[in-house]
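Participant: Below is one structure. I have some questions about it.
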Amino acid sequence: MRITLAAVGRGKPGPVRDVYQHYIKRLNWHFDLREVEERKALPPAQLKRREAEMLLDAIPKGAALVALDERGKNLSSAEFAQMIGQWRDNSVQDIAFVIGGADGLEERVRSAATRSISFGRMTWPHMMVRALLAEQLYRAQSILAGHPYHRE
Ligand SMILES: C[S@@+](CC[C@H](N)C(=O)[O-])C[C@H]1O[C@@H](n2cnc3c(N)ncnc32)[C@H](O)[C@@H]1O
């Protein structure tokens, strides 16, 4: 099973990226980060549209697509692991996650998503969402493997 993260922006060295990398390095799943960035200064609506195109282009065809969105569904870590486990058991080859930029995800990306999940109703900086996702993926891997990292 391959996991792709398509995300707006380029990660820079620093503590948030260190946390992200700490967990990503511990994943046994094949993991691919695809960063997208529009260099032209565009008005917000155009920028969001352009980012949507680049994000959707960065996702493997046929992937189960998960949008990270504050308006999405709140899952427990066990439910998140179960979602990934069901895809794994149904031989889904590719799972992709998308994280938007400062103005969020365009509706087109939200409606293309198989699932939309939230890390709470508060807005997090997009680089912190990468770190949160990385930890939850590691936690899901541990839950699915029966490893005691996660405690209910
Ligand atoms: C700075 S936020 C954008 C906020 C923007 N106002 C919006 O309406 O989505 C950048 C990205 O981080 C992710 N994000 C931020 N907060 C989140 C949360 N609570 N749950 C899930 N994803 C979140 C989303 O992918 C969002 O597009």
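Please note that chains go A, B, ... in the order of the structure tokens, that every chain numbers its residues from 1, and that ligands are numbered from 1 in the order shown.
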Can you pull out every residue within 9 Å of Ala78 in chain A, counting only C-alpha atoms, but drop anything in the same chain fewer than 6 positions away, and send it as a PDB file with C-alpha atoms, in the first residue's frame?

Facilitator:
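Final output, saved to out-v7.pdb:
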```
ATOM      1  CA  ARG A 139      -0.283   5.668  15.390  1.00  0.00           C
ATOM      2  CA  ALA A 140      -2.585   3.943  12.845  1.00  0.00           C
ATOM      3  CA  ILE A 143      -2.796   0.106  16.056  1.00  0.00           C
ATOM      4  CA  HIS A 150      -1.450   3.512  21.263  1.00  0.00           C
ATOM      5  CA  GLU A 152      -7.216   3.485  24.665  1.00  0.00           C
TER       6      GLU A 152
END
```

Participant: Report as a PyMOL selection string all protein, DNA and RNA residues lying within 8 Å of range 2-7 of chain A, evaluated on only C-alpha atoms, omitting residues in the same chain fewer than 6 positions from it.

Facilitator: chain A and resi 29-36+55+58-60+93-101

Participant: List as a PyMOL selection string the protein and nucleic acid residues lying within 9 Å of ligand 1, with only C-alpha atoms and all ligand atoms counted.

Facilitator: chain A and resi 7-8+67-74+98-106+116-130+133

Participant: For a quick check of understanding, using only C-alpha atoms, which of A:Arg26, A:Gln136, A:Val19, A:Gln46 has the smallest distance to Ser76 in chain A?

Facilitator: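 Ranked by minimum distance to Ser76 in chain A, first place goes to A:Gln136.
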
Participant: Record the distance separating CA of Lys12 in chain A and CA of Glu38 in chain A, expressed in Å with one decimal.

Facilitator: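 Interatomic distance here is 16.4 Å.
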
Participant: Taking the DSSP secondary structure from the backbone, can you list the residues of range 45-101 of chain A that are helix (DSSP H, G or I), as a PyMOL selection string?

Facilitator: chain A and resi 45-58+77-89

Participant: Write down as a ChimeraX atom specification the residues belonging to chain A that are assigned strand (DSSP E) by DSSP computed on the backbone.

Facilitator: /A:2-8,30-36,64-74,94-99,115-118

Participant: CA of Val92 in chain A and CA of Arg108 in chain A are how many Å apart?

Facilitator: 22.7 Å

Participant: Would you work out the distance separating CA of Ala113 in chain A from CA of Phe80 in chain A, expressed in Å to one decimal?

Facilitator: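 Taking CA of Ala113 in chain A as the start and CA of Phe80 in chain A as the end point, the length is 15.4 Å.
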
Participant: Could you tell me which of A:Val66, A:Leu137, A:Met1, A:His22 comes closest to Arg88 in chain A if we count only C-alpha atoms?

Facilitator: A:Met1

Participant: Of the candidates A:Asp18, A:Asp89, A:Glu107, A:Glu79, which one gets nearest to Arg49 in chain A if we count only C-alpha atoms?

Facilitator: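 Looking at the shortest contact to Arg49 in chain A, the residue is A:Glu107.
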